[in-house]
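To start, the structure under review is shown below, and the notes come after it.
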Amino acid sequence: MLEDQRYALEQVLTIAENENTSAIILAGDLYDKTIPSAEAVSLFDWFLTEATRKNISVLAIPGNHDSAERIAYASSLLAAHGVHFPGVYDGSIPCVQLPDEHGTVAFWLMPFLKPAHIRPYFPDLEIGQSYTTAIQAALSTCDIDPQMRNVVLAHQFVTAGSAMPETSDSELNLGGLDNVDISVFDQFDYVALGHVHRPQRIGRDEARYAGSLLKYSFSEIPHPKSACLVDLGPKSTIEVKLIPIEPLHDMREIRGPLESILADDVVQQGNANDYVHVVLTDEEPTIDALTRVRSVYPNVMAVDYDNIRSRHTSTAALDSEALHKLNPYQLFATFYEEQNGKPLDEEQAKIVAETLDKSGYAQEGGAR
Ligand SMILES: [Mn+2]
């Protein structure tokens, strides 16, 4: 999706220029993996160079998918050119101060952190596994001047009391023990958040997930993407505006029988080059459905069926209470049958039983 990403990033640069933006904030993830592809790195290089050429500072933090060490590379050299990355966490949160007509804005660059990163620097604190306590400790080292406007960049799963951000299938393992309560950010005028793909406020209007620039999973189909323009006036006056980002190819779902979705009138209803998720409602599977769909929709991402058969074999046949009553062998056998639509055969069953026996799992009652 490099072309799509470049197309979206070009819009970000245009918006930044048209709105006389002083700084672009990227609250991670910058990449999708710790060792990104060469093409992804050169696209980011192009983006940073263009921003610098337009005299726009860039403030960016690594997310959980990034390598903090690699992102920190040459960061002091880049800082001289207005591109700011935090170094690897050393117990303190780096601060970048940028002047504007109302004074100074202090940007606090907090990389993605886990309690384990923070604990060694606070031996007297009872942090344990609590993200809220850990992040609170990490932020306590920020020497905040309350006269200045303070902006924090963070890449965490931030919740407000019992309110959780709305997530999609793109974020793995979000929510659970890793939540950070929004109250730890009370002393900051604006909280620029990354991690969750859907743009949204959390807890207050001045705490926002910017959201991803593109849709990265079918569950994001209904979510429009945007750039979040934050206008910092004098202390305590903040205006937030969302500016739509148009995708090069949209992601959408097309549903119906194969013959109908390939018919001209349906094809012409949208851009056939979009990333489409085709859901076929035919009762019988069609041979070569994907090839036929692709001949009309070249960027088809997936073809699924929604019919009596698919509904019948859908997962979640057992509720969690029933699952907890299964022993490890039954649990595995159920999982296998769910995945493959048929039970373990005799030989497979024997192998599973023997393996569980050797591992000691067979002795334990109930699922884990
Ligand atoms: Mn993330």
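As shown in the structure tokens, the chain order sets the letters A, B, ...; within each chain, residues go from 1, and ligands are also counted from 1 in the order they appear.
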
Show me, as a list in words, the residues that have an atom within 7 Å of Phe188 of chain A when counting only C-alpha atoms, minus same-chain residues fewer than 4 positions from it.
Asn150, Val151 and Val152 of chain A

Neighbours of ligand 1 at 6 Å or closer, counting only C-alpha atoms and all ligand atoms: which residues, as a ChimeraX atom specification?
/A:29,63-65,195

Nearest to Asp4 of chain A, chosen from A:Trp46, A:Tyr216, A:Tyr329, A:Tyr361, with only C-alpha atoms counted in the distances
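Ranked by minimum distance to Asp4 of chain A, first place goes to A:Tyr216.
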
Shortest interatomic distance to Gln129 of chain A - which of A:Asp178, A:Asp66, A:Asp145, A:Asp265, counting only C-alpha atoms:
A:Asp178

Could you pull out all residues of segment 100-340 of chain A with a DSSP call of strand (DSSP E) and give them as a VMD selection string?
chain A and resid 100 103 to 109 149 to 154 157 to 159 179 to 181 190 to 193 200 to 202 204 to 209 226 to 232 238 to 244 251 to 256 275 to 280 302 to 305

Against segment 156-166 of chain A, which residues of segment 185-205 of chain A fall within 9 Å? For each one I want the closest pair of atoms and the distance in Å (one decimal), counting only C-alpha atoms, rows by chain and increasing residue number, as CSV.
```
residue,atom,partner,partner_atom,distance
A:Leu193,CA,A:Gln156,CA,7.3
A:Gly194,CA,A:Gln156,CA,7.0
A:His195,CA,A:Gln156,CA,6.3
A:Val196,CA,A:Pro165,CA,7.5
A:His197,CA,A:Glu166,CA,8.7
A:Arg198,CA,A:Glu166,CA,6.8
A:Pro199,CA,A:Glu166,CA,9.0
A:Gln200,CA,A:Pro165,CA,7.4
A:Arg201,CA,A:Pro165,CA,8.1
A:Ile202,CA,A:Ala160,CA,6.5
A:Gly203,CA,A:Ala160,CA,5.0
A:Arg204,CA,A:Ala160,CA,8.7
```

Counting only C-alpha atoms, the residue among A:Ile221, A:Ile24, A:Ala192, A:Ile245 that lies closest to Tyr209 of chain A is A:Ala192

Got a sec: who's within 7 Å of Gly91 of chain A, counting only C-alpha atoms, leaving out chain neighbours fewer than 6 positions off, as an MDAnalysis selection string?
chainID A and resid 118 121 138

With N, CA and C atoms retained, write the just-selected residues as a PDB file, in the first residue's frame.
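The file below, selection-v3.pdb, is the result:
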```pdb
ATOM      1  N   ILE A 118       9.830   0.917  32.808  1.00  0.00           N
ATOM      2  CA  ILE A 118       9.809   2.046  33.735  1.00  0.00           C
ATOM      3  C   ILE A 118      10.283   1.645  35.135  1.00  0.00           C
ATOM      4  N   TYR A 121      13.695   2.379  37.007  1.00  0.00           N
ATOM      5  CA  TYR A 121      14.042   3.759  37.354  1.00  0.00           C
ATOM      6  C   TYR A 121      13.296   4.258  38.593  1.00  0.00           C
ATOM      7  N   ALA A 138       6.483   7.663  35.094  1.00  0.00           N
ATOM      8  CA  ALA A 138       7.333   8.170  34.009  1.00  0.00           C
ATOM      9  C   ALA A 138       7.078   9.661  33.789  1.00  0.00           C
TER      10      ALA A 138
END
```

Top pick for closest residue to Gln147 of chain A, considering A:Ala322, A:Val279, A:Val105, A:Ala349 and counting only C-alpha atoms:
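The closest residue to Gln147 of chain A is A:Val105.
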
Determine the nearest neighbour of Glu50 of chain A from the options A:Asn271, A:Gln11, A:Ser170, A:Ser37, counting only C-alpha atoms.
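That would be A:Gln11, the residue with the smallest distance to Glu50 of chain A.
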
Within 12 Å of Ile25 of chain A using only C-alpha atoms, minus same-chain residues under 5 positions, as an mmCIF file with N, CA, C and O atoms, in the first residue's frame:
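The resulting file, selection_15.cif, is reproduced below:
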```cif
data_model
loop_
_atom_site.group_PDB
_atom_site.id
_atom_site.type_symbol
_atom_site.label_atom_id
_atom_site.label_comp_id
_atom_site.auth_asym_id
_atom_site.auth_seq_id
_atom_site.Cartn_x
_atom_site.Cartn_y
_atom_site.Cartn_z
ATOM 1 N N VAL A 12 -1.284 15.247 3.913
ATOM 2 C CA VAL A 12 -0.876 15.769 5.220
ATOM 3 C C VAL A 12 0.058 16.967 5.026
ATOM 4 O O VAL A 12 -0.098 18.006 5.669
ATOM 5 N N LEU A 13 1.009 16.823 4.107
ATOM 6 C CA LEU A 13 1.954 17.919 3.848
ATOM 7 C C LEU A 13 1.227 19.143 3.292
ATOM 8 O O LEU A 13 1.513 20.277 3.687
ATOM 9 N N ALA A 16 -0.721 20.748 6.109
ATOM 10 C CA ALA A 16 0.214 21.421 7.026
ATOM 11 C C ALA A 16 0.663 22.757 6.439
ATOM 12 O O ALA A 16 0.749 23.762 7.149
ATOM 13 N N LEU A 30 5.137 4.333 13.659
ATOM 14 C CA LEU A 30 5.689 4.895 12.427
ATOM 15 C C LEU A 30 5.721 3.821 11.348
ATOM 16 O O LEU A 30 5.486 4.097 10.176
ATOM 17 N N LEU A 48 9.797 13.180 5.747
ATOM 18 C CA LEU A 48 10.539 14.044 6.675
ATOM 19 C C LEU A 48 11.265 15.146 5.912
ATOM 20 O O LEU A 48 11.289 16.307 6.325
ATOM 21 N N ALA A 51 8.759 17.812 4.736
ATOM 22 C CA ALA A 51 8.296 18.640 5.856
ATOM 23 C C ALA A 51 9.379 19.659 6.222
ATOM 24 O O ALA A 51 9.093 20.844 6.407
ATOM 25 N N ILE A 56 8.580 22.957 8.425
ATOM 26 C CA ILE A 56 7.644 22.426 9.413
ATOM 27 C C ILE A 56 8.409 21.416 10.278
ATOM 28 O O ILE A 56 9.031 20.496 9.743
ATOM 29 N N SER A 57 8.368 21.611 11.589
ATOM 30 C CA SER A 57 9.029 20.649 12.483
ATOM 31 C C SER A 57 8.241 19.346 12.504
ATOM 32 O O SER A 57 7.032 19.351 12.307
ATOM 33 N N VAL A 58 8.924 18.266 12.755
ATOM 34 C CA VAL A 58 8.247 16.976 12.936
ATOM 35 C C VAL A 58 8.605 16.440 14.316
ATOM 36 O O VAL A 58 9.779 16.433 14.707
ATOM 37 N N LEU A 59 7.577 16.058 15.079
ATOM 38 C CA LEU A 59 7.778 15.467 16.400
ATOM 39 C C LEU A 59 7.166 14.081 16.343
ATOM 40 O O LEU A 59 5.977 13.943 16.040
ATOM 41 N N ALA A 60 7.971 13.059 16.594
ATOM 42 C CA ALA A 60 7.465 11.699 16.408
ATOM 43 C C ALA A 60 7.959 10.779 17.511
ATOM 44 O O ALA A 60 9.066 10.932 18.030
ATOM 45 N N ILE A 61 7.111 9.832 17.876
ATOM 46 C CA ILE A 61 7.506 8.829 18.880
ATOM 47 C C ILE A 61 7.284 7.424 18.306
ATOM 48 O O ILE A 61 6.393 7.212 17.487
ATOM 49 N N PRO A 62 8.120 6.474 18.734
ATOM 50 C CA PRO A 62 7.898 5.097 18.299
ATOM 51 C C PRO A 62 6.711 4.482 19.022
ATOM 52 O O PRO A 62 6.455 4.794 20.188
ATOM 53 N N GLY A 82 15.066 20.078 12.858
ATOM 54 C CA GLY A 82 13.658 20.200 13.194
ATOM 55 C C GLY A 82 12.898 18.889 13.164
ATOM 56 O O GLY A 82 11.666 18.878 13.164
ATOM 57 N N VAL A 83 13.623 17.777 13.141
ATOM 58 C CA VAL A 83 12.958 16.462 13.181
ATOM 59 C C VAL A 83 13.305 15.810 14.518
ATOM 60 O O VAL A 83 14.472 15.539 14.797
ATOM 61 N N HIS A 84 12.302 15.604 15.364
ATOM 62 C CA HIS A 84 12.562 15.194 16.743
ATOM 63 C C HIS A 84 12.009 13.810 17.058
ATOM 64 O O HIS A 84 10.806 13.587 16.964
ATOM 65 N N PHE A 85 12.919 12.905 17.420
ATOM 66 C CA PHE A 85 12.549 11.578 17.933
ATOM 67 C C PHE A 85 13.114 11.465 19.348
ATOM 68 O O PHE A 85 14.205 11.981 19.602
ATOM 69 N N PHE A 107 6.759 20.306 24.038
ATOM 70 C CA PHE A 107 6.291 18.986 23.568
ATOM 71 C C PHE A 107 7.058 17.906 24.319
ATOM 72 O O PHE A 107 8.289 17.897 24.300
ATOM 73 N N TRP A 108 6.345 17.017 24.967
ATOM 74 C CA TRP A 108 6.958 15.917 25.729
ATOM 75 C C TRP A 108 6.841 14.641 24.908
ATOM 76 O O TRP A 108 5.726 14.200 24.598
ATOM 77 N N LEU A 109 7.983 14.079 24.543
ATOM 78 C CA LEU A 109 8.005 12.929 23.634
ATOM 79 C C LEU A 109 8.163 11.626 24.412
ATOM 80 O O LEU A 109 9.274 11.193 24.720
ATOM 81 N N VAL A 151 2.269 19.893 25.622
ATOM 82 C CA VAL A 151 1.661 18.866 24.775
ATOM 83 C C VAL A 151 2.428 17.572 24.996
ATOM 84 O O VAL A 151 3.662 17.571 24.953
ATOM 85 N N VAL A 152 1.713 16.492 25.264
ATOM 86 C CA VAL A 152 2.404 15.210 25.424
ATOM 87 C C VAL A 152 2.053 14.296 24.257
ATOM 88 O O VAL A 152 0.912 14.259 23.786
ATOM 89 N N LEU A 153 3.070 13.602 23.745
ATOM 90 C CA LEU A 153 2.864 12.578 22.714
ATOM 91 C C LEU A 153 2.927 11.227 23.413
ATOM 92 O O LEU A 153 3.895 10.957 24.144
ATOM 93 N N ALA A 154 1.931 10.393 23.223
ATOM 94 C CA ALA A 154 1.924 9.094 23.883
ATOM 95 C C ALA A 154 1.347 8.032 22.961
ATOM 96 O O ALA A 154 0.496 8.326 22.117
ATOM 97 N N HIS A 155 1.831 6.819 23.134
ATOM 98 C CA HIS A 155 1.349 5.697 22.330
ATOM 99 C C HIS A 155 0.949 4.584 23.284
ATOM 100 O O HIS A 155 1.714 3.664 23.566
ATOM 101 N N TYR A 190 -2.656 19.412 25.903
ATOM 102 C CA TYR A 190 -3.145 18.563 24.817
ATOM 103 C C TYR A 190 -2.428 17.210 24.886
ATOM 104 O O TYR A 190 -1.227 17.140 25.166
ATOM 105 N N VAL A 191 -3.192 16.153 24.636
ATOM 106 C CA VAL A 191 -2.652 14.796 24.663
ATOM 107 C C VAL A 191 -2.787 14.215 23.259
ATOM 108 O O VAL A 191 -3.894 13.940 22.791
ATOM 109 N N ALA A 192 -1.658 14.082 22.568
ATOM 110 C CA ALA A 192 -1.651 13.580 21.184
ATOM 111 C C ALA A 192 -1.373 12.084 21.216
ATOM 112 O O ALA A 192 -0.264 11.657 21.524
ATOM 113 N N LEU A 193 -2.406 11.301 20.911
ATOM 114 C CA LEU A 193 -2.305 9.855 21.083
ATOM 115 C C LEU A 193 -2.210 9.101 19.764
ATOM 116 O O LEU A 193 -2.864 9.461 18.782
ATOM 117 N N GLY A 194 -1.411 8.055 19.790
ATOM 118 C CA GLY A 194 -1.357 7.095 18.697
ATOM 119 C C GLY A 194 -1.669 5.723 19.245
ATOM 120 O O GLY A 194 -1.646 5.522 20.464
ATOM 121 N N TYR A 209 -7.000 10.457 19.864
ATOM 122 C CA TYR A 209 -6.316 9.554 18.943
ATOM 123 C C TYR A 209 -6.469 10.152 17.553
ATOM 124 O O TYR A 209 -7.592 10.396 17.097
ATOM 125 N N ALA A 210 -5.351 10.425 16.896
ATOM 126 C CA ALA A 210 -5.430 10.983 15.544
ATOM 127 C C ALA A 210 -6.003 9.943 14.586
ATOM 128 O O ALA A 210 -6.657 10.272 13.604
ATOM 129 N N ALA A 227 -6.872 14.092 9.179
ATOM 130 C CA ALA A 227 -5.743 14.690 9.877
ATOM 131 C C ALA A 227 -6.344 15.585 10.949
ATOM 132 O O ALA A 227 -7.364 16.236 10.725
ATOM 133 N N CYS A 228 -5.733 15.578 12.118
ATOM 134 C CA CYS A 228 -6.263 16.323 13.240
ATOM 135 C C CYS A 228 -5.471 17.631 13.367
ATOM 136 O O CYS A 228 -4.285 17.604 13.671
ATOM 137 N N LEU A 229 -6.136 18.740 13.086
ATOM 138 C CA LEU A 229 -5.469 20.042 13.143
ATOM 139 C C LEU A 229 -5.720 20.663 14.508
ATOM 140 O O LEU A 229 -6.860 20.953 14.875
ATOM 141 N N VAL A 230 -4.662 20.868 15.270
ATOM 142 C CA VAL A 230 -4.783 21.423 16.624
ATOM 143 C C VAL A 230 -4.221 22.837 16.624
ATOM 144 O O VAL A 230 -3.055 23.041 16.309
#
```

Would you mind reading off the distance between atom CA of Asp304 of chain A and atom CA of Glu259 of chain A, one decimal, in Å?
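Atom-to-atom, atom CA of Asp304 of chain A and atom CA of Glu259 of chain A are spaced 14.8 Å apart.
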
Non-local contacts of His223 of chain A (10 Å; only C-alpha atoms; under 3 positions in same chain excluded) as a ChimeraX atom specification:
/A:168,197-199,211,214-215,219-220,226

DSSP alpha helix (DSSP H) residues within segment 106-300 of chain A, listed as a short mmCIF file (atom, residue, chain, number, x, y, z; two decimals) with N, CA and C atoms, in the first residue's frame:
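Result went into states21.cif, see below:
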```
data_model
loop_
_atom_site.label_atom_id
_atom_site.label_comp_id
_atom_site.auth_asym_id
_atom_site.auth_seq_id
_atom_site.Cartn_x
_atom_site.Cartn_y
_atom_site.Cartn_z
N PRO A 115 5.30 -1.23 31.75
CA PRO A 115 5.77 -1.13 33.14
C PRO A 115 7.21 -1.63 33.31
N ALA A 116 7.58 -2.69 32.57
CA ALA A 116 8.93 -3.26 32.71
C ALA A 116 10.02 -2.27 32.30
N HIS A 117 9.70 -1.36 31.34
CA HIS A 117 10.69 -0.35 30.94
C HIS A 117 10.90 0.68 32.05
N ILE A 118 9.83 0.92 32.81
CA ILE A 118 9.81 2.05 33.74
C ILE A 118 10.28 1.64 35.14
N TYR A 131 -0.11 -0.33 34.16
CA TYR A 131 0.32 0.68 33.18
C TYR A 131 0.04 2.08 33.69
N THR A 132 -1.12 2.25 34.34
CA THR A 132 -1.46 3.59 34.83
C THR A 132 -0.42 4.09 35.83
N THR A 133 -0.06 3.25 36.80
CA THR A 133 0.94 3.64 37.80
C THR A 133 2.30 3.89 37.14
N ALA A 134 2.65 3.02 36.19
CA ALA A 134 3.96 3.13 35.53
C ALA A 134 4.06 4.42 34.72
N ILE A 135 3.03 4.70 33.92
CA ILE A 135 3.08 5.91 33.08
C ILE A 135 3.02 7.16 33.95
N GLN A 136 2.25 7.08 35.04
CA GLN A 136 2.21 8.20 35.98
C GLN A 136 3.60 8.48 36.54
N ALA A 137 4.32 7.42 36.88
CA ALA A 137 5.68 7.57 37.39
C ALA A 137 6.58 8.19 36.32
N ALA A 138 6.48 7.66 35.09
CA ALA A 138 7.33 8.17 34.01
C ALA A 138 7.08 9.66 33.79
N LEU A 139 5.80 10.06 33.84
CA LEU A 139 5.46 11.47 33.58
C LEU A 139 5.82 12.38 34.76
N SER A 140 6.00 11.76 35.96
CA SER A 140 6.31 12.58 37.14
C SER A 140 7.69 13.23 37.01
N LEU A 258 -22.67 -13.87 -6.80
CA LEU A 258 -21.54 -13.58 -7.69
C LEU A 258 -21.97 -12.89 -8.99
N GLU A 259 -23.00 -13.46 -9.65
CA GLU A 259 -23.40 -12.89 -10.94
C GLU A 259 -23.82 -11.43 -10.80
N SER A 260 -24.47 -11.12 -9.69
CA SER A 260 -24.96 -9.75 -9.55
C SER A 260 -23.83 -8.77 -9.24
N ILE A 261 -22.84 -9.19 -8.44
CA ILE A 261 -21.78 -8.23 -8.12
C ILE A 261 -20.85 -8.01 -9.32
N ASP A 264 -22.58 -5.06 -14.70
CA ASP A 264 -22.10 -3.70 -14.98
C ASP A 264 -22.69 -2.63 -14.05
N ASP A 265 -24.01 -2.71 -13.82
CA ASP A 265 -24.62 -1.63 -13.03
C ASP A 265 -24.08 -1.60 -11.60
N VAL A 266 -23.74 -2.78 -11.04
CA VAL A 266 -23.16 -2.80 -9.68
C VAL A 266 -21.71 -2.31 -9.73
N VAL A 267 -20.96 -2.78 -10.72
CA VAL A 267 -19.55 -2.40 -10.83
C VAL A 267 -19.41 -0.88 -10.97
N ALA A 289 -14.21 -18.52 -7.90
CA ALA A 289 -14.88 -17.25 -7.61
C ALA A 289 -13.88 -16.10 -7.52
N LEU A 290 -12.75 -16.33 -6.84
CA LEU A 290 -11.78 -15.26 -6.64
C LEU A 290 -11.24 -14.75 -7.98
N THR A 291 -10.93 -15.66 -8.88
CA THR A 291 -10.40 -15.25 -10.19
C THR A 291 -11.41 -14.40 -10.95
N ARG A 292 -12.67 -14.83 -10.88
CA ARG A 292 -13.72 -14.07 -11.59
C ARG A 292 -13.92 -12.70 -10.96
N VAL A 293 -13.90 -12.65 -9.63
CA VAL A 293 -14.05 -11.36 -8.95
C VAL A 293 -12.88 -10.46 -9.30
N ARG A 294 -11.67 -11.05 -9.31
CA ARG A 294 -10.47 -10.24 -9.54
C ARG A 294 -10.44 -9.67 -10.96
N SER A 295 -11.06 -10.37 -11.90
CA SER A 295 -11.06 -9.87 -13.28
C SER A 295 -11.84 -8.56 -13.39
N VAL A 296 -12.71 -8.31 -12.43
CA VAL A 296 -13.50 -7.08 -12.44
C VAL A 296 -13.01 -6.10 -11.37
#
```
